[in-house]
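Student: Handing over model21.txt, compact mmCIF, N, CA, C and O atoms.
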```
# COMPACT_ATOMS: atom_id res chain seq x y z
N MET W 1 -22.07 4.22 24.59
CA MET W 1 -22.47 3.17 25.49
C MET W 1 -23.65 2.38 24.91
O MET W 1 -23.75 1.19 25.10
N GLU W 2 -24.49 3.09 24.17
CA GLU W 2 -25.67 2.46 23.60
C GLU W 2 -25.32 1.36 22.60
O GLU W 2 -25.96 0.31 22.55
N ARG W 3 -24.26 1.58 21.81
CA ARG W 3 -23.89 0.57 20.82
C ARG W 3 -23.40 -0.72 21.48
O ARG W 3 -23.56 -1.80 20.94
N PHE W 4 -22.81 -0.61 22.68
CA PHE W 4 -22.37 -1.81 23.38
C PHE W 4 -23.56 -2.64 23.84
O PHE W 4 -23.56 -3.86 23.74
N TRP W 5 -24.62 -1.97 24.33
CA TRP W 5 -25.83 -2.68 24.74
C TRP W 5 -26.49 -3.33 23.54
O TRP W 5 -26.98 -4.46 23.61
N LYS W 6 -26.49 -2.61 22.41
CA LYS W 6 -27.07 -3.16 21.19
C LYS W 6 -26.31 -4.40 20.76
O LYS W 6 -26.90 -5.42 20.41
N GLN W 7 -24.98 -4.33 20.80
CA GLN W 7 -24.14 -5.48 20.44
C GLN W 7 -24.41 -6.64 21.39
O GLN W 7 -24.51 -7.79 20.97
N HIS W 8 -24.56 -6.36 22.66
CA HIS W 8 -24.82 -7.40 23.66
C HIS W 8 -26.18 -8.05 23.38
O HIS W 8 -26.31 -9.28 23.46
N ARG W 9 -27.18 -7.26 23.04
CA ARG W 9 -28.50 -7.82 22.74
C ARG W 9 -28.46 -8.69 21.49
O ARG W 9 -29.09 -9.74 21.43
N LEU W 10 -27.70 -8.26 20.48
CA LEU W 10 -27.67 -8.99 19.21
C LEU W 10 -26.81 -10.26 19.27
O LEU W 10 -27.16 -11.27 18.69
N THR W 11 -25.67 -10.17 19.95
CA THR W 11 -24.72 -11.28 19.92
C THR W 11 -24.59 -12.02 21.24
O THR W 11 -24.02 -13.11 21.28
N GLY W 12 -25.07 -11.43 22.31
CA GLY W 12 -24.93 -12.07 23.62
C GLY W 12 -23.59 -11.79 24.26
O GLY W 12 -23.28 -12.30 25.33
N ALA W 13 -22.76 -11.00 23.61
CA ALA W 13 -21.44 -10.67 24.14
C ALA W 13 -21.10 -9.24 23.76
O ALA W 13 -21.69 -8.66 22.85
N CYS W 14 -20.13 -8.71 24.43
CA CYS W 14 -19.68 -7.35 24.15
C CYS W 14 -18.15 -7.37 24.10
O CYS W 14 -17.47 -7.10 25.08
N ARG W 15 -17.62 -7.76 22.96
CA ARG W 15 -16.17 -7.89 22.79
C ARG W 15 -15.65 -6.80 21.87
O ARG W 15 -16.33 -6.39 20.93
N PRO W 16 -14.40 -6.38 22.10
CA PRO W 16 -13.83 -5.39 21.19
C PRO W 16 -13.52 -6.01 19.84
O PRO W 16 -13.26 -7.21 19.73
N ARG W 17 -13.55 -5.19 18.81
CA ARG W 17 -13.19 -5.66 17.48
C ARG W 17 -11.68 -5.76 17.36
O ARG W 17 -10.95 -5.11 18.08
N GLN W 18 -11.24 -6.55 16.39
CA GLN W 18 -9.81 -6.70 16.14
C GLN W 18 -9.24 -5.39 15.62
O GLN W 18 -9.84 -4.73 14.77
N ILE W 19 -8.07 -5.04 16.12
CA ILE W 19 -7.36 -3.85 15.66
C ILE W 19 -6.14 -4.31 14.88
O ILE W 19 -5.37 -5.15 15.35
N GLY W 20 -5.97 -3.76 13.71
CA GLY W 20 -4.79 -4.07 12.91
C GLY W 20 -4.88 -5.45 12.29
O GLY W 20 -5.95 -5.98 12.06
N GLY W 21 -3.72 -6.02 12.02
CA GLY W 21 -3.67 -7.33 11.40
C GLY W 21 -3.23 -7.23 9.95
O GLY W 21 -3.08 -6.15 9.39
N TYR W 22 -3.03 -8.35 9.32
CA TYR W 22 -2.55 -8.40 7.94
C TYR W 22 -3.69 -8.10 6.97
O TYR W 22 -4.79 -8.63 7.09
N ARG W 23 -3.40 -7.23 6.03
CA ARG W 23 -4.33 -6.96 4.94
C ARG W 23 -3.59 -7.21 3.64
O ARG W 23 -2.43 -6.84 3.50
N ARG W 24 -4.26 -7.79 2.69
CA ARG W 24 -3.64 -8.06 1.39
C ARG W 24 -3.45 -6.76 0.61
O ARG W 24 -4.25 -5.84 0.72
N SER W 25 -2.41 -6.74 -0.20
CA SER W 25 -2.13 -5.58 -1.04
C SER W 25 -3.11 -5.53 -2.19
O SER W 25 -3.47 -6.55 -2.77
N ARG W 26 -3.52 -4.32 -2.54
CA ARG W 26 -4.39 -4.15 -3.71
C ARG W 26 -3.65 -4.51 -4.99
O ARG W 26 -4.26 -4.75 -6.02
N LEU W 27 -2.33 -4.50 -4.93
CA LEU W 27 -1.52 -4.78 -6.12
C LEU W 27 -1.11 -6.24 -6.24
O LEU W 27 -0.37 -6.61 -7.14
N GLU W 28 -1.59 -7.08 -5.33
CA GLU W 28 -1.17 -8.48 -5.31
C GLU W 28 -1.38 -9.17 -6.66
O GLU W 28 -0.54 -9.95 -7.10
N LYS W 29 -2.47 -8.87 -7.33
CA LYS W 29 -2.77 -9.49 -8.63
C LYS W 29 -1.91 -8.92 -9.75
O LYS W 29 -1.88 -9.47 -10.84
N HIS W 30 -1.23 -7.81 -9.49
CA HIS W 30 -0.51 -7.09 -10.54
C HIS W 30 1.01 -7.17 -10.39
O HIS W 30 1.72 -6.33 -10.94
N ASP W 31 1.50 -8.15 -9.67
CA ASP W 31 2.94 -8.27 -9.44
C ASP W 31 3.72 -8.37 -10.76
O ASP W 31 4.76 -7.73 -10.92
N ARG W 32 3.23 -9.15 -11.68
CA ARG W 32 3.91 -9.32 -12.97
C ARG W 32 4.00 -7.98 -13.71
O ARG W 32 5.03 -7.64 -14.30
N THR W 33 2.91 -7.21 -13.66
CA THR W 33 2.89 -5.90 -14.32
C THR W 33 3.90 -4.95 -13.67
O THR W 33 4.63 -4.25 -14.38
N LEU W 34 3.96 -4.93 -12.34
CA LEU W 34 4.93 -4.08 -11.64
C LEU W 34 6.36 -4.44 -12.05
O LEU W 34 7.18 -3.57 -12.31
N ARG W 35 6.64 -5.73 -12.08
CA ARG W 35 7.98 -6.18 -12.48
C ARG W 35 8.30 -5.73 -13.91
O ARG W 35 9.40 -5.29 -14.20
N HIS W 36 7.32 -5.85 -14.78
CA HIS W 36 7.50 -5.46 -16.19
C HIS W 36 7.77 -3.96 -16.30
O HIS W 36 8.66 -3.54 -17.05
N TRP W 37 7.00 -3.15 -15.58
CA TRP W 37 7.19 -1.70 -15.63
C TRP W 37 8.59 -1.31 -15.16
O TRP W 37 9.24 -0.48 -15.78
N ILE W 38 9.02 -1.88 -14.04
CA ILE W 38 10.32 -1.50 -13.49
C ILE W 38 11.46 -2.04 -14.34
O ILE W 38 12.48 -1.38 -14.50
N ALA W 39 11.29 -3.22 -14.92
CA ALA W 39 12.33 -3.76 -15.81
C ALA W 39 12.45 -2.87 -17.06
O ALA W 39 13.56 -2.62 -17.54
N GLY W 40 11.34 -2.39 -17.55
CA GLY W 40 11.35 -1.56 -18.75
C GLY W 40 11.80 -0.13 -18.51
O GLY W 40 12.34 0.52 -19.39
N GLN W 41 11.56 0.36 -17.30
CA GLN W 41 11.91 1.75 -16.98
C GLN W 41 12.35 1.80 -15.51
O GLN W 41 11.58 2.18 -14.62
N PRO W 42 13.59 1.42 -15.22
CA PRO W 42 14.06 1.31 -13.83
C PRO W 42 14.15 2.64 -13.08
O PRO W 42 14.30 2.64 -11.87
N ASP W 43 14.03 3.76 -13.78
CA ASP W 43 14.13 5.05 -13.09
C ASP W 43 12.77 5.62 -12.68
O ASP W 43 12.65 6.79 -12.33
N LEU W 44 11.72 4.78 -12.69
CA LEU W 44 10.40 5.24 -12.23
C LEU W 44 10.44 5.58 -10.75
O LEU W 44 11.03 4.86 -9.96
N THR W 45 9.81 6.68 -10.38
CA THR W 45 9.72 7.04 -8.96
C THR W 45 8.44 6.44 -8.39
O THR W 45 7.56 5.99 -9.13
N LEU W 46 8.33 6.43 -7.07
CA LEU W 46 7.11 5.93 -6.43
C LEU W 46 5.89 6.74 -6.87
O LEU W 46 4.82 6.18 -7.11
N GLY W 47 6.06 8.05 -7.00
CA GLY W 47 4.96 8.90 -7.44
C GLY W 47 4.51 8.54 -8.85
O GLY W 47 3.30 8.50 -9.13
N GLU W 48 5.46 8.30 -9.72
CA GLU W 48 5.12 7.91 -11.10
C GLU W 48 4.44 6.55 -11.13
O GLU W 48 3.47 6.35 -11.86
N LEU W 49 4.94 5.62 -10.32
CA LEU W 49 4.32 4.31 -10.25
C LEU W 49 2.90 4.40 -9.69
O LEU W 49 1.99 3.72 -10.17
N GLN W 50 2.71 5.25 -8.70
CA GLN W 50 1.39 5.43 -8.10
C GLN W 50 0.39 5.95 -9.14
O GLN W 50 -0.71 5.43 -9.25
N LYS W 51 0.81 6.94 -9.91
CA LYS W 51 -0.06 7.49 -10.96
C LYS W 51 -0.37 6.44 -12.03
O LYS W 51 -1.49 6.34 -12.52
N ARG W 52 0.64 5.67 -12.38
CA ARG W 52 0.47 4.65 -13.41
C ARG W 52 -0.48 3.54 -12.94
O ARG W 52 -1.27 3.02 -13.72
N CYS W 53 -0.38 3.19 -11.65
CA CYS W 53 -1.29 2.18 -11.09
C CYS W 53 -2.73 2.65 -11.19
O CYS W 53 -3.62 1.87 -11.53
N LEU W 54 -2.95 3.91 -10.89
CA LEU W 54 -4.31 4.45 -10.96
C LEU W 54 -4.81 4.51 -12.40
O LEU W 54 -5.92 4.07 -12.70
N LYS W 55 -3.96 4.99 -13.29
CA LYS W 55 -4.37 5.18 -14.69
C LYS W 55 -4.53 3.86 -15.44
O LYS W 55 -5.53 3.65 -16.11
N GLU W 56 -3.55 2.97 -15.31
CA GLU W 56 -3.55 1.76 -16.13
C GLU W 56 -4.18 0.55 -15.46
O GLU W 56 -4.70 -0.34 -16.13
N LEU W 57 -4.11 0.47 -14.13
CA LEU W 57 -4.65 -0.68 -13.42
C LEU W 57 -5.95 -0.36 -12.68
O LEU W 57 -6.58 -1.25 -12.13
N ASN W 58 -6.27 0.94 -12.63
CA ASN W 58 -7.44 1.40 -11.87
C ASN W 58 -7.34 0.99 -10.40
O ASN W 58 -8.33 0.58 -9.80
N VAL W 59 -6.13 1.11 -9.85
CA VAL W 59 -5.88 0.78 -8.44
C VAL W 59 -5.33 2.03 -7.76
O VAL W 59 -4.24 2.49 -8.07
N ALA W 60 -6.12 2.57 -6.84
CA ALA W 60 -5.67 3.71 -6.04
C ALA W 60 -4.91 3.15 -4.84
O ALA W 60 -5.45 2.35 -4.07
N ILE W 61 -3.66 3.55 -4.69
CA ILE W 61 -2.82 3.03 -3.61
C ILE W 61 -1.92 4.14 -3.10
O ILE W 61 -1.47 4.99 -3.86
N GLY W 62 -1.67 4.13 -1.82
CA GLY W 62 -0.80 5.13 -1.21
C GLY W 62 0.66 4.82 -1.48
O GLY W 62 1.04 3.69 -1.80
N ILE W 63 1.48 5.84 -1.33
CA ILE W 63 2.92 5.70 -1.57
C ILE W 63 3.52 4.64 -0.64
O ILE W 63 4.31 3.79 -1.06
N THR W 64 3.14 4.67 0.64
CA THR W 64 3.70 3.73 1.61
C THR W 64 3.31 2.30 1.28
O THR W 64 4.13 1.39 1.32
N ALA W 65 2.04 2.08 0.93
CA ALA W 65 1.58 0.74 0.56
C ALA W 65 2.30 0.25 -0.70
O ALA W 65 2.68 -0.93 -0.79
N LEU W 66 2.51 1.14 -1.65
CA LEU W 66 3.23 0.80 -2.87
C LEU W 66 4.67 0.44 -2.55
O LEU W 66 5.20 -0.56 -3.04
N TRP W 67 5.30 1.22 -1.70
CA TRP W 67 6.69 0.96 -1.29
C TRP W 67 6.79 -0.41 -0.63
O TRP W 67 7.69 -1.19 -0.92
N HIS W 68 5.85 -0.74 0.26
CA HIS W 68 5.86 -2.04 0.94
C HIS W 68 5.72 -3.18 -0.07
O HIS W 68 6.40 -4.20 0.05
N ARG W 69 4.85 -3.01 -1.06
CA ARG W 69 4.66 -4.07 -2.05
C ARG W 69 5.92 -4.29 -2.87
O ARG W 69 6.33 -5.42 -3.11
N LEU W 70 6.57 -3.20 -3.29
CA LEU W 70 7.81 -3.32 -4.06
C LEU W 70 8.90 -3.98 -3.22
O LEU W 70 9.67 -4.79 -3.72
N GLU W 71 8.94 -3.64 -1.94
CA GLU W 71 9.94 -4.23 -1.05
C GLU W 71 9.69 -5.73 -0.90
O GLU W 71 10.63 -6.53 -0.93
N GLN W 72 8.43 -6.14 -0.78
CA GLN W 72 8.09 -7.56 -0.69
C GLN W 72 8.52 -8.32 -1.94
O GLN W 72 8.92 -9.47 -1.87
N LEU W 73 8.43 -7.65 -3.08
CA LEU W 73 8.80 -8.28 -4.35
C LEU W 73 10.30 -8.19 -4.63
O LEU W 73 10.77 -8.75 -5.61
N GLY W 74 11.02 -7.45 -3.80
CA GLY W 74 12.45 -7.30 -4.01
C GLY W 74 12.78 -6.39 -5.19
O GLY W 74 13.85 -6.51 -5.78
N LEU W 75 11.85 -5.50 -5.52
CA LEU W 75 12.05 -4.60 -6.66
C LEU W 75 12.66 -3.28 -6.20
O LEU W 75 12.38 -2.79 -5.11
N SER W 76 13.48 -2.71 -7.06
CA SER W 76 14.13 -1.44 -6.77
C SER W 76 13.47 -0.36 -7.62
O SER W 76 12.96 -0.62 -8.70
N TYR W 77 13.47 0.84 -7.13
CA TYR W 77 12.88 1.96 -7.84
C TYR W 77 13.75 3.17 -7.60
O TYR W 77 14.58 3.20 -6.70
N LYS W 78 13.54 4.21 -8.40
CA LYS W 78 14.34 5.42 -8.28
C LYS W 78 13.95 6.17 -7.01
O LYS W 78 12.77 6.33 -6.70
N LYS W 79 14.95 6.63 -6.29
CA LYS W 79 14.70 7.43 -5.10
C LYS W 79 14.44 8.88 -5.51
O LYS W 79 14.83 9.31 -6.57
N ASN W 80 13.82 9.62 -4.66
CA ASN W 80 13.52 11.02 -4.92
C ASN W 80 14.80 11.84 -4.81
O ASN W 80 15.40 11.92 -3.75
N ASP W 81 15.24 12.48 -5.91
CA ASP W 81 16.49 13.25 -5.92
C ASP W 81 16.48 14.40 -4.93
O ASP W 81 17.49 14.71 -4.31
N SER W 82 15.34 15.04 -4.75
CA SER W 82 15.30 16.19 -3.85
C SER W 82 15.57 15.77 -2.41
O SER W 82 16.17 16.51 -1.64
N ARG W 83 15.17 14.58 -2.03
CA ARG W 83 15.45 14.11 -0.67
C ARG W 83 16.93 13.78 -0.49
O ARG W 83 17.48 13.96 0.56
N ARG W 84 17.53 13.26 -1.53
CA ARG W 84 18.96 12.96 -1.43
C ARG W 84 19.78 14.23 -1.25
O ARG W 84 20.74 14.25 -0.52
N ARG W 85 19.37 15.31 -1.92
CA ARG W 85 20.10 16.55 -1.82
C ARG W 85 19.96 17.19 -0.44
O ARG W 85 20.77 17.99 -0.04
N ALA W 86 18.93 16.82 0.31
CA ALA W 86 18.70 17.43 1.62
C ALA W 86 19.70 16.94 2.66
O ALA W 86 19.90 17.57 3.69
N ARG W 87 20.36 15.83 2.38
CA ARG W 87 21.35 15.31 3.32
C ARG W 87 22.63 16.13 3.29
O ARG W 87 22.97 16.75 2.29
N SER W 88 23.35 16.06 4.39
CA SER W 88 24.65 16.75 4.43
C SER W 88 25.65 15.97 3.60
O SER W 88 25.51 14.79 3.36
N ALA W 89 26.70 16.64 3.19
CA ALA W 89 27.71 16.00 2.34
C ALA W 89 28.42 14.86 3.06
O ALA W 89 28.84 13.90 2.43
N GLY W 90 28.53 14.92 4.36
CA GLY W 90 29.21 13.87 5.11
C GLY W 90 28.34 12.71 5.48
O GLY W 90 28.81 11.68 5.90
N GLY W 91 27.01 12.81 5.33
CA GLY W 91 26.12 11.75 5.82
C GLY W 91 25.50 11.02 4.75
O GLY W 91 24.98 10.04 4.69
```
Hey, can you dump this file as structure tokens for me?
Tutor:
Amino acid sequence: MERFWKQHRLTGACRPRQIGGYRRSRLEKHDRTLRHWIAGQPDLTLGELQKRCLKELNVAIGITALWHRLEQLGLSYKKNDSRRRARSAGG
């Protein structure tokens, strides 16, 4: 409660902060590099790409964020074989 009074004293209002919204990808500057990597080695997994981003680009990024960036670029990557095997033969 104290922080709300402090905010009111400083700003004259007590409004909630924005939740969520669009954030730019850390990989936005490296789109050309991502395309080059996948063109050169199309069987890279997300985990391998994540490690490579950290090692070569010095960009720490989560698997989900990396997946979203590749999807935005229309790039394909190798799926995890162990997950494919977990499905039933009919599905």
Student: In Å, with one decimal, what is the gap from atom CA of W:Leu70 to atom C of W:Ile19?
Tutor: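 Value for the atom CA of W:Leu70-atom C of W:Ile19 distance: 23.5 Å.
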Student: What does the structure give for the distance between atom O of W:Gln41 and atom CA of W:Gly62, in Å to one decimal?
Tutor: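 Here the two named atoms are 18.5 Å from each other.
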Student: So that I can check the secondary structure, give me every residue of chain W assigned alpha helix (DSSP H) by backbone DSSP, as a ChimeraX atom specification.
Tutor: /W:2-11,31-40,46-52,63-73,81-86
Student: Would you mind reading off the distance between atom N of W:Ala60 and atom C of W:Pro16, one decimal, in Å?
Tutor: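 Interatomic distance here is 29.0 Å.
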Student: Which one of W:Asp43, W:Ala13, W:Glu56, W:Glu28 sits closest to W:Arg69 if you count all atoms listed in the file?
Tutor: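 Going through W:Asp43, W:Ala13, W:Glu56, W:Glu28 one by one, the smallest distance to W:Arg69 is for W:Glu28.
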